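Okay, target-v6.csv is below, CSV, C-alpha atoms and all ligand atoms:
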chain,number,residue,atom,x,y,z
A,1,MET,CA,6.6,83.7,18.9
A,2,THR,CA,7.6,86.3,16.3
A,3,THR,CA,9.1,84.7,13.2
A,4,ASP,CA,12.8,85.2,12.6
A,5,ALA,CA,12.0,87.3,9.5
A,6,ARG,CA,9.6,89.6,11.4
A,7,LEU,CA,12.2,90.0,14.1
A,8,ALA,CA,14.9,90.9,11.6
A,9,ALA,CA,12.5,93.5,10.1
A,10,ARG,CA,11.6,95.0,13.5
A,11,LEU,CA,15.2,95.2,14.7
A,12,ALA,CA,16.5,96.7,11.4
A,13,ASP,CA,13.7,99.3,11.6
A,14,GLU,CA,14.4,100.1,15.3
A,15,ALA,CA,18.2,100.5,14.6
A,16,GLY,CA,17.3,102.6,11.6
A,17,HIS,CA,15.3,105.0,13.7
A,18,LEU,CA,18.1,105.2,16.2
A,19,LEU,CA,20.6,106.0,13.4
A,20,LEU,CA,18.3,108.8,12.2
A,21,SER,CA,18.4,110.4,15.6
A,22,VAL,CA,22.2,110.0,15.9
A,23,ARG,CA,22.5,111.8,12.6
A,24,GLU,CA,20.1,114.6,13.7
A,25,ASN,CA,21.8,115.1,17.0
A,26,GLY,CA,25.4,114.8,15.6
A,27,THR,CA,25.5,117.8,13.3
A,28,ASP,CA,28.4,119.2,15.3
A,29,LEU,CA,30.5,116.0,14.8
A,30,GLU,CA,33.3,115.4,12.2
A,31,PRO,CA,32.1,112.9,9.6
A,32,LYS,CA,34.4,110.1,11.0
A,33,ALA,CA,33.1,110.6,14.6
A,34,LEU,CA,29.5,110.6,13.4
A,35,GLY,CA,30.0,107.3,11.5
A,36,LYS,CA,31.7,105.8,14.5
A,37,ARG,CA,28.9,106.8,16.8
A,38,GLY,CA,26.3,105.4,14.4
A,39,ASP,CA,28.2,102.1,14.1
A,40,ALA,CA,28.5,101.8,17.9
A,41,GLU,CA,25.0,102.8,18.9
A,42,SER,CA,23.3,100.7,16.3
A,43,ASN,CA,25.5,97.7,17.2
A,44,ALA,CA,24.7,98.0,20.9
A,45,LEU,CA,20.9,98.2,20.2
A,46,LEU,CA,20.9,95.1,17.9
A,47,LEU,CA,23.1,93.0,20.3
A,48,SER,CA,20.9,93.8,23.3
A,49,ARG,CA,17.6,93.1,21.4
A,50,LEU,CA,19.0,89.8,19.9
A,51,ALA,CA,20.2,88.7,23.4
A,52,ALA,CA,16.8,89.4,24.8
A,53,GLU,CA,14.7,87.9,21.9
A,54,ARG,CA,17.0,85.0,20.8
A,55,PRO,CA,19.3,84.3,23.8
A,56,GLY,CA,20.5,80.9,22.4
A,57,ASP,CA,21.7,82.3,19.1
A,58,ALA,CA,25.3,83.4,18.1
A,59,VAL,CA,26.0,86.7,16.4
A,60,LEU,CA,28.6,87.8,13.8
A,61,SER,CA,28.7,91.6,13.7
A,62,GLU,CA,30.9,94.0,11.8
A,63,GLU,CA,31.2,96.0,15.0
A,64,SER,CA,32.0,93.2,17.5
A,65,ALA,CA,35.0,90.9,18.1
A,66,ASP,CA,34.4,87.6,16.2
A,67,ASP,CA,33.4,84.9,18.7
A,68,PRO,CA,34.6,81.5,17.3
A,69,ALA,CA,31.6,79.8,19.1
A,70,ARG,CA,29.6,80.8,16.0
A,71,LEU,CA,31.3,78.1,14.1
A,72,ASP,CA,29.7,75.4,16.2
A,73,ALA,CA,26.3,77.2,16.4
A,74,ASP,CA,23.2,76.1,14.4
A,75,ARG,CA,21.8,79.7,14.3
A,76,VAL,CA,24.0,82.8,13.7
A,77,TRP,CA,22.7,86.3,13.2
A,78,ILE,CA,25.0,88.1,10.7
A,79,ILE,CA,24.5,91.9,11.2
A,80,ASP,CA,25.9,95.1,9.7
A,81,PRO,CA,24.6,97.8,12.1
A,82,LEU,CA,25.4,100.5,9.6
A,83,ASP,CA,26.3,99.6,6.0
A,84,GLY,CA,27.5,102.7,4.1
A,85,THR,CA,29.0,104.4,7.1
A,86,ARG,CA,30.8,106.8,4.7
A,87,GLU,CA,27.5,107.9,3.1
A,88,PHE,CA,25.7,108.1,6.5
A,89,SER,CA,28.2,110.8,7.5
A,90,LYS,CA,27.4,113.0,4.5
A,91,PRO,CA,24.4,115.3,4.9
A,92,GLY,CA,21.5,114.6,2.5
A,93,ARG,CA,22.7,111.1,1.5
A,94,SER,CA,20.1,108.2,1.7
A,95,ASP,CA,22.4,105.4,0.5
A,96,TRP,CA,23.1,103.7,3.8
A,97,ALA,CA,21.3,100.8,5.5
A,98,VAL,CA,20.9,98.4,8.4
A,99,HIS,CA,21.4,94.7,7.7
A,100,VAL,CA,20.0,91.9,9.9
A,101,ALA,CA,20.2,88.3,8.7
A,102,LEU,CA,19.9,84.8,10.2
A,103,TRP,CA,22.1,82.0,9.0
A,104,GLU,CA,21.0,78.4,9.9
A,105,ARG,CA,23.1,75.3,9.6
A,106,GLY,CA,22.0,73.4,6.5
A,107,GLY,CA,19.8,76.2,5.3
A,108,GLY,CA,22.0,79.2,4.7
A,109,ILE,CA,20.4,82.6,5.1
A,110,THR,CA,16.8,81.8,6.2
A,111,ALA,CA,15.6,85.2,7.3
A,112,ALA,CA,16.8,88.7,6.6
A,113,ALA,CA,15.9,92.4,6.5
A,114,VAL,CA,17.5,95.5,5.2
A,115,ALA,CA,16.3,98.9,6.4
A,116,GLN,CA,16.9,102.2,4.5
A,117,PRO,CA,16.0,104.6,7.3
A,118,ALA,CA,16.5,107.8,5.2
A,119,LEU,CA,14.0,106.5,2.7
A,120,GLY,CA,11.6,105.1,5.4
A,121,LEU,CA,11.8,101.6,3.9
A,122,VAL,CA,12.3,98.1,5.4
A,123,HIS,CA,12.5,95.1,3.0
A,124,ALA,CA,12.4,91.6,4.5
A,125,SER,CA,12.8,88.1,3.2
A,126,ASP,CA,9.2,87.2,4.0
A,127,ASP,CA,7.5,90.1,2.2
A,128,ALA,CA,9.8,91.3,-0.5
A,129,SER,CA,8.9,91.1,-4.2
A,130,LEU,CA,10.6,92.2,-7.3
A,131,GLY,CA,9.4,95.6,-8.5
A,132,PRO,CA,8.6,96.6,-12.1
A,133,ARG,CA,11.6,97.4,-14.2
A,134,HIS,CA,12.6,101.0,-14.8
A,135,ASP,CA,12.4,102.2,-18.4
A,136,GLY,CA,15.5,102.5,-20.6
A,137,ARG,CA,19.0,101.1,-20.8
A,138,ILE,CA,20.3,98.4,-18.4
A,139,ARG,CA,21.5,100.0,-15.2
A,140,VAL,CA,24.3,98.3,-13.2
A,141,LEU,CA,25.0,99.6,-9.7
A,142,VAL,CA,28.6,99.7,-8.4
A,143,SER,CA,30.4,100.9,-5.4
A,144,ASP,CA,30.8,104.7,-5.2
A,145,SER,CA,34.4,104.4,-4.0
A,146,ARG,CA,35.6,100.9,-5.2
A,147,PRO,CA,33.9,99.8,-8.4
A,148,PRO,CA,35.2,96.5,-9.8
A,149,ALA,CA,37.9,96.7,-12.5
A,150,PHE,CA,35.7,94.8,-14.9
A,151,ALA,CA,32.7,97.1,-14.5
A,152,ALA,CA,33.5,99.3,-17.5
A,153,PRO,CA,34.1,96.5,-20.1
A,154,VAL,CA,31.1,94.5,-18.8
A,155,ALA,CA,28.9,97.6,-19.1
A,156,GLU,CA,30.1,98.2,-22.7
A,157,ARG,CA,29.4,94.6,-23.6
A,158,LEU,CA,25.8,94.8,-22.3
A,159,ASP,CA,25.3,98.4,-23.5
A,160,ALA,CA,24.6,99.2,-19.9
A,161,GLU,CA,24.9,102.4,-17.8
A,162,LEU,CA,27.1,102.2,-14.7
A,163,VAL,CA,25.5,103.9,-11.7
A,164,PRO,CA,27.7,104.5,-8.5
A,165,MET,CA,25.9,104.3,-5.2
A,166,GLY,CA,27.0,103.7,-1.6
A,167,SER,CA,26.1,100.7,0.6
A,168,ALA,CA,25.6,97.1,-0.5
A,169,GLY,CA,22.2,97.1,1.1
A,170,ALA,CA,21.1,100.2,-0.7
A,171,LYS,CA,22.3,98.9,-4.0
A,172,ALA,CA,20.7,95.5,-3.6
A,173,MET,CA,17.3,97.1,-2.5
A,174,ALA,CA,17.4,99.4,-5.5
A,175,VAL,CA,17.6,96.3,-7.8
A,176,LEU,CA,14.8,94.7,-5.8
A,177,ARG,CA,12.5,97.7,-6.3
A,178,GLY,CA,13.3,97.8,-10.1
A,179,GLU,CA,15.2,101.0,-10.0
A,180,ALA,CA,18.3,99.2,-11.4
A,181,ASP,CA,18.9,95.9,-13.1
A,182,ALA,CA,21.9,94.6,-11.2
A,183,TYR,CA,24.6,95.2,-8.6
A,184,VAL,CA,28.1,93.9,-9.1
A,185,HIS,CA,31.0,94.0,-6.7
A,186,ALA,CA,34.5,92.5,-6.5
A,187,GLY,CA,37.8,93.2,-4.8
A,188,GLY,CA,36.7,92.9,-1.2
A,189,GLN,CA,33.7,92.7,1.1
A,190,TRP,CA,32.7,90.8,4.3
A,191,GLU,CA,29.8,88.5,5.0
A,192,TRP,CA,27.9,91.2,6.9
A,193,ASP,CA,27.9,93.4,3.8
A,194,SER,CA,25.9,91.0,1.7
A,195,ALA,CA,24.2,88.4,4.0
A,196,ALA,CA,21.0,90.4,4.7
A,197,PRO,CA,20.7,92.0,1.2
A,198,VAL,CA,21.2,88.5,-0.4
A,199,GLY,CA,18.6,86.9,2.0
A,200,VAL,CA,16.1,89.5,1.0
A,201,VAL,CA,16.6,89.4,-2.8
A,202,LEU,CA,16.7,85.6,-2.9
A,203,GLY,CA,13.4,85.6,-1.0
A,204,ALA,CA,12.0,87.7,-3.8
A,205,GLY,CA,13.3,85.4,-6.6
A,206,LEU,CA,16.2,87.5,-7.8
A,207,HIS,CA,19.6,86.1,-8.7
A,208,ALA,CA,22.5,86.3,-6.2
A,209,SER,CA,25.8,84.6,-6.5
A,210,ARG,CA,29.6,85.0,-6.5
A,211,VAL,CA,30.9,86.7,-9.7
A,212,ASP,CA,31.9,83.2,-11.0
A,213,GLY,CA,28.2,82.1,-10.6
A,214,SER,CA,28.9,79.9,-7.5
A,215,PRO,CA,26.8,80.2,-4.4
A,216,LEU,CA,27.5,82.7,-1.7
A,217,ARG,CA,28.4,80.9,1.6
A,218,TYR,CA,28.0,82.3,5.0
A,219,ASN,CA,29.3,81.7,8.6
A,220,GLU,CA,32.7,80.6,7.2
A,221,SER,CA,35.7,80.7,9.6
A,222,HIS,CA,37.2,83.7,7.8
A,223,PRO,CA,34.1,85.8,7.0
A,224,TYR,CA,35.6,87.4,3.9
A,225,LEU,CA,33.3,87.3,0.9
A,226,PRO,CA,34.9,89.6,-1.7
A,227,ASP,CA,32.5,89.6,-4.6
A,228,LEU,CA,28.9,89.2,-5.6
A,229,VAL,CA,26.4,89.6,-8.3
A,230,ILE,CA,22.7,90.5,-7.7
A,231,SER,CA,20.4,90.9,-10.6
A,232,ARG,CA,17.0,90.6,-12.0
A,233,PRO,CA,16.5,87.0,-12.9
A,234,GLU,CA,16.2,87.5,-16.7
A,235,LEU,CA,19.6,89.3,-16.8
A,236,ALA,CA,21.7,87.0,-14.7
A,237,ASP,CA,23.0,84.6,-17.5
A,238,ARG,CA,24.0,87.5,-19.8
A,239,LEU,CA,25.7,89.4,-16.9
A,240,LEU,CA,27.6,86.4,-15.6
A,241,THR,CA,28.8,85.6,-19.2
A,242,ALA,CA,29.9,89.2,-19.7
A,243,ILE,CA,31.8,89.1,-16.4
A,244,ARG,CA,33.5,85.8,-17.3
A,245,LEU,CA,34.5,87.1,-20.8
A,246,ASP,CA,35.9,90.4,-19.5
A,247,ALA,CA,37.4,89.4,-16.2
A,248,PRO,CA,37.9,85.6,-15.7
A,249,PRO,CA,37.1,85.6,-12.0
A,250,GLN,CA,39.2,84.1,-9.2
A,251,ALA,CA,36.8,82.6,-6.8
A,252,GLY,CA,38.4,82.2,-3.3
A,301,LIG,N1,37.4,96.4,-1.2
A,301,LIG,C1,36.7,96.3,-0.1
A,301,LIG,N2,37.2,95.7,1.0
A,301,LIG,C2,36.4,95.6,2.1
A,301,LIG,N3,35.2,96.0,2.2
A,301,LIG,C3,34.6,96.6,1.2
A,301,LIG,C4,35.3,96.8,-0.1
A,301,LIG,N4,34.5,97.4,-0.9
A,301,LIG,C5,33.4,97.7,-0.3
A,301,LIG,N5,33.4,97.2,1.0
A,301,LIG,C6,32.4,97.3,2.0
A,301,LIG,O1,31.1,97.0,1.4
A,301,LIG,C7,30.1,97.9,1.9
A,301,LIG,C8,29.5,98.6,0.7
A,301,LIG,O2,30.5,99.3,0.0
A,301,LIG,P1,30.3,100.4,-1.1
A,301,LIG,O3,29.4,101.5,-0.4
A,301,LIG,O4,31.6,100.9,-1.5
A,301,LIG,O5,29.5,99.7,-2.1
A,301,LIG,C9,30.8,98.9,2.9
A,301,LIG,O6,30.5,98.5,4.2
A,301,LIG,P2,30.5,99.4,5.5
A,301,LIG,O7,30.0,100.8,5.1
A,301,LIG,O8,29.6,98.6,6.4
A,301,LIG,O9,31.9,99.4,5.9
A,301,LIG,C10,32.3,98.8,2.5
A,301,LIG,O10,33.2,99.0,3.6
A,302,MG,MG,28.9,97.0,5.4
Can you present the structure in this file as structure tokens?
Amino acid sequence: MTTDARLAARLADEAGHLLLSVRENGTDLEPKALGKRGDAESNALLLSRLAAERPGDAVLSEESADDPARLDADRVWIIDPLDGTREFSKPGRSDWAVHVALWERGGGITAAAVAQPALGLVHASDDASLGPRHDGRIRVLVSDSRPPAFAAPVAERLDAELVPMGSAGAKAMAVLRGEADAYVHAGGQWEWDSAAPVGVVLGAGLHASRVDGSPLRYNESHPYLPDLVISRPELADRLLTAIRLDAPPQAG
């Protein structure tokens, strides 16, 4: 049988190809309608593939009603069929992604993949490795539309450059590849936004935690997970200290 990580990679890739064709064929649509179509078609594909390949597993998807049966399940796929919907709808943008992660009771996220279809890339927890660091100043990625309030003072403390980018998956994979040093977020997010990116970067030995340094927990009854820090391992302590000094975080 295909391993869970290989399955995650294959499904993220397949959904990514579907999204590229939705984009190609939807040039006449308003951005909102295009995003909606992408969300729905990618979700339908992932749900049908998971039902066929792993019929006994539960699913938590951004685009489906939450089935409380997942709380008693031992295996739950946490998927974001289109992360960065806003950017997907803008011509020429490549900062959007497909997230497929598997949560297992007692093990957390045990398999994961993030596809970046517009870049032709799929990163998975069983084959990802940390890329060589870019040259120059520390680069910290933040949301294009909702950067955390503490981003500017933290960047100043670290003499870092803040770089806005869409999609949690795109930002996390840019850190994985060495194009940036860290991704910080606070103020709101859901489990599907970070489960797969976190599964992939942890598989490659990067740091991933809440902004207060505590572990990220998945398949909670309320799947709200408002903040995270992903960074190259050598920067994690300095970054968490800067966040603590500039914005004493409220974990919750
Ligand atoms: N304050 C907030 N509350 C809820 N979700 C948020 C959020 N800030 C960012 N997100 C979600 O996190 C993902 C990455 O955001 P960003 O591109 O701004 O970094 C997006 O997912 P979706 O595109 O799947 O909705 C976005 O909706
Ligand atoms: Mg998302």
All residues 8 Å or closer to region 49-59 of chain A, all atoms listed in the file, same chain fewer than 2 positions away omitted, as a list in words: Leu11, Leu45, Leu46, Leu47, Ser61, Asp67, Ala69, Arg70, Ala73, Asp74, Arg75, Val76, Trp77, Ile78 and Ile79 of chain A
Given 7 Å and only C-alpha atoms and all ligand atoms, residues near ligand LIG 301 (chain A) as number ranges by chain: A: 80, 82-86, 142-146, 165-168, 187-190, 193
If we draw a sphere of 10 Å around (12.7, 103.9, -12.9), which residues have at least one atom in it when counting only C-alpha atoms? Please report them as a ChimeraX atom specification. /A:131-136,139,174,177-180
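Here the question is which of A:Val98, A:Val163, A:Ala115, A:Ile109 gets nearest to ligand MG 302 (chain A) using only C-alpha atoms and all ligand atoms, and that residue is A:Val98.
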Residue contacts of Ala172 (chain A) (9 Å, only C-alpha atoms) excluding same-chain residues fewer than 3 positions away, as a list in words: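 Result of the neighbour search: Leu141, Ser167, Ala168, Gly169, Val175, Leu176, Arg177, Ala180, Ala182, Tyr183, Ser194, Pro197, Val198, Val200, Val201, Ile230 and Ser231 of chain A.
Minimum atom-to-atom distances from A:Ala5, A:Ala128, A:Leu202, A:Ala118 to Leu216 (chain A) were compared using all atoms listed in the file, and the lowest value belongs to A:Leu202.
One finds CA of Ala186 (chain A) at 8.8 Å from CA of Phe150 (chain A).
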Calculate how many Å separate CA of Ser64 (chain A) from CA of Ala170 (chain A), rounding to one decimal.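 Computed distance, CA of Ser64 (chain A) to CA of Ala170 (chain A), equals 22.3 Å.
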Which residues are near Gly120 (chain A)? Cut-off 12 Å, all atoms listed in the file, ignore same chain within fewer than 5 positions. Put them as a compact mmCIF listing (two decimals) with C-alpha atoms, keeping the file's coordinate frame.
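Generated output (result_2.txt):
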# COMPACT_ATOMS: atom_id res chain seq x y z
CA ALA A 12 16.50 96.70 11.40
CA ASP A 13 13.70 99.30 11.60
CA GLU A 14 14.40 100.10 15.30
CA GLY A 16 17.30 102.60 11.60
CA HIS A 17 15.30 105.00 13.70
CA LEU A 20 18.30 108.80 12.20
CA SER A 94 20.10 108.20 1.70
CA ASP A 95 22.40 105.40 0.50
CA TRP A 96 23.10 103.70 3.80
CA ALA A 97 21.30 100.80 5.50
CA VAL A 98 20.90 98.40 8.40
CA VAL A 114 17.50 95.50 5.20
CA ALA A 115 16.30 98.90 6.40
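Interatomic distance, CA of Arg93 (chain A) to CA of Pro31 (chain A): 12.5 Å.
Nearest to ligand MG 302 (chain A) of all the residues A:Asp126, A:Val100, A:Ala65, A:Val140 is A:Val100, counting only C-alpha atoms and all ligand atoms.
With all atoms listed in the file as the basis for measurement, A:Asp227 is the residue among A:Glu87, A:Glu63, A:Glu30, A:Asp227 that approaches Ile243 (chain A) most closely.
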Filtering to N, CA and C atoms, could region 67-103 of chain A of the supplied structure be written out as an mmCIF file, in the first residue's frame?
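Dumped to part_36.cif:
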data_model
loop_
_atom_site.group_PDB
_atom_site.id
_atom_site.type_symbol
_atom_site.label_atom_id
_atom_site.label_comp_id
_atom_site.auth_asym_id
_atom_site.auth_seq_id
_atom_site.Cartn_x
_atom_site.Cartn_y
_atom_site.Cartn_z
ATOM 1 N N ASP A 67 -17.433 17.379 10.872
ATOM 2 C CA ASP A 67 -18.100 16.185 11.386
ATOM 3 C C ASP A 67 -17.473 15.826 12.734
ATOM 4 N N PRO A 68 -18.252 15.934 13.831
ATOM 5 C CA PRO A 68 -17.669 15.693 15.157
ATOM 6 C C PRO A 68 -17.138 14.268 15.346
ATOM 7 N N ALA A 69 -17.443 13.359 14.405
ATOM 8 C CA ALA A 69 -16.912 11.988 14.497
ATOM 9 C C ALA A 69 -15.379 11.998 14.503
ATOM 10 N N ARG A 70 -14.791 13.067 13.937
ATOM 11 C CA ARG A 70 -13.323 13.129 13.905
ATOM 12 C C ARG A 70 -12.713 13.130 15.305
ATOM 13 N N LEU A 71 -13.495 13.582 16.303
ATOM 14 C CA LEU A 71 -12.941 13.683 17.655
ATOM 15 C C LEU A 71 -12.719 12.310 18.292
ATOM 16 N N ASP A 72 -13.408 11.284 17.783
ATOM 17 C CA ASP A 72 -13.214 9.922 18.286
ATOM 18 C C ASP A 72 -12.343 9.088 17.357
ATOM 19 N N ALA A 73 -11.963 9.659 16.205
ATOM 20 C CA ALA A 73 -11.199 8.895 15.213
ATOM 21 C C ALA A 73 -9.718 8.831 15.606
ATOM 22 N N ASP A 74 -9.038 7.775 15.151
ATOM 23 C CA ASP A 74 -7.599 7.652 15.396
ATOM 24 C C ASP A 74 -6.785 8.284 14.286
ATOM 25 N N ARG A 75 -7.438 8.432 13.105
ATOM 26 C CA ARG A 75 -6.736 9.013 11.953
ATOM 27 C C ARG A 75 -7.649 10.064 11.305
ATOM 28 N N VAL A 76 -7.140 11.276 11.189
ATOM 29 C CA VAL A 76 -7.930 12.382 10.616
ATOM 30 C C VAL A 76 -7.066 13.137 9.592
ATOM 31 N N TRP A 77 -7.552 13.206 8.363
ATOM 32 C CA TRP A 77 -6.869 14.008 7.347
ATOM 33 C C TRP A 77 -7.319 15.457 7.519
ATOM 34 N N ILE A 78 -6.355 16.364 7.664
ATOM 35 C CA ILE A 78 -6.670 17.789 7.825
ATOM 36 C C ILE A 78 -6.231 18.479 6.538
ATOM 37 N N ILE A 79 -7.214 18.987 5.780
ATOM 38 C CA ILE A 79 -6.888 19.489 4.439
ATOM 39 C C ILE A 79 -7.365 20.928 4.224
ATOM 40 N N ASP A 80 -6.550 21.667 3.514
ATOM 41 C CA ASP A 80 -6.951 22.987 3.015
ATOM 42 C C ASP A 80 -6.824 22.891 1.494
ATOM 43 N N PRO A 81 -7.955 22.712 0.810
ATOM 44 C CA PRO A 81 -7.905 22.447 -0.634
ATOM 45 C C PRO A 81 -7.289 23.591 -1.435
ATOM 46 N N LEU A 82 -7.362 24.804 -0.894
ATOM 47 C CA LEU A 82 -6.759 25.960 -1.577
ATOM 48 C C LEU A 82 -6.413 27.000 -0.513
ATOM 49 N N ASP A 83 -5.150 27.017 -0.130
ATOM 50 C CA ASP A 83 -4.692 27.998 0.851
ATOM 51 C C ASP A 83 -4.128 29.197 0.088
ATOM 52 N N GLY A 84 -4.623 30.389 0.439
ATOM 53 C CA GLY A 84 -4.250 31.569 -0.336
ATOM 54 C C GLY A 84 -5.253 31.781 -1.462
ATOM 55 N N THR A 85 -6.520 31.607 -1.126
ATOM 56 C CA THR A 85 -7.578 31.756 -2.145
ATOM 57 C C THR A 85 -7.526 33.143 -2.785
ATOM 58 N N ARG A 86 -7.274 34.138 -1.962
ATOM 59 C CA ARG A 86 -7.210 35.523 -2.463
ATOM 60 C C ARG A 86 -6.126 35.662 -3.548
ATOM 61 N N GLU A 87 -4.952 35.062 -3.304
ATOM 62 C CA GLU A 87 -3.843 35.187 -4.262
ATOM 63 C C GLU A 87 -4.094 34.332 -5.510
ATOM 64 N N PHE A 88 -4.727 33.157 -5.317
ATOM 65 C CA PHE A 88 -5.085 32.289 -6.448
ATOM 66 C C PHE A 88 -5.902 33.064 -7.477
ATOM 67 N N SER A 89 -6.739 33.974 -6.967
ATOM 68 C CA SER A 89 -7.652 34.718 -7.847
ATOM 69 C C SER A 89 -6.987 35.883 -8.559
ATOM 70 N N LYS A 90 -5.734 36.156 -8.239
ATOM 71 C CA LYS A 90 -5.043 37.283 -8.884
ATOM 72 C C LYS A 90 -4.100 36.739 -9.949
ATOM 73 N N PRO A 91 -4.222 37.218 -11.184
ATOM 74 C CA PRO A 91 -3.368 36.711 -12.264
ATOM 75 C C PRO A 91 -1.886 36.869 -11.931
ATOM 76 N N GLY A 92 -1.120 35.863 -12.279
ATOM 77 C CA GLY A 92 0.332 35.964 -12.132
ATOM 78 C C GLY A 92 0.870 35.626 -10.761
ATOM 79 N N ARG A 93 -0.018 35.445 -9.744
ATOM 80 C CA ARG A 93 0.487 35.154 -8.397
ATOM 81 C C ARG A 93 0.779 33.658 -8.253
ATOM 82 N N SER A 94 1.871 33.359 -7.560
ATOM 83 C CA SER A 94 2.207 31.943 -7.344
ATOM 84 C C SER A 94 2.116 31.566 -5.863
ATOM 85 N N ASP A 95 1.748 32.533 -4.994
ATOM 86 C CA ASP A 95 1.724 32.253 -3.550
ATOM 87 C C ASP A 95 0.360 31.735 -3.103
ATOM 88 N N TRP A 96 0.051 30.529 -3.545
ATOM 89 C CA TRP A 96 -1.125 29.783 -3.089
ATOM 90 C C TRP A 96 -0.739 28.305 -3.101
ATOM 91 N N ALA A 97 -1.484 27.475 -2.387
ATOM 92 C CA ALA A 97 -1.007 26.113 -2.140
ATOM 93 C C ALA A 97 -2.158 25.147 -1.865
ATOM 94 N N VAL A 98 -1.849 23.862 -1.931
ATOM 95 C CA VAL A 98 -2.777 22.810 -1.507
ATOM 96 C C VAL A 98 -2.148 22.113 -0.302
ATOM 97 N N HIS A 99 -2.928 21.939 0.764
ATOM 98 C CA HIS A 99 -2.419 21.324 1.999
ATOM 99 C C HIS A 99 -3.111 19.992 2.262
ATOM 100 N N VAL A 100 -2.338 18.936 2.455
ATOM 101 C CA VAL A 100 -2.894 17.626 2.831
ATOM 102 C C VAL A 100 -2.057 17.078 3.986
ATOM 103 N N ALA A 101 -2.690 16.879 5.143
ATOM 104 C CA ALA A 101 -1.958 16.370 6.317
ATOM 105 C C ALA A 101 -2.734 15.233 6.960
ATOM 106 N N LEU A 102 -2.024 14.330 7.582
ATOM 107 C CA LEU A 102 -2.666 13.261 8.369
ATOM 108 C C LEU A 102 -2.300 13.442 9.834
ATOM 109 N N TRP A 103 -3.326 13.528 10.692
ATOM 110 C CA TRP A 103 -3.151 13.543 12.150
ATOM 111 C C TRP A 103 -3.464 12.147 12.671
#
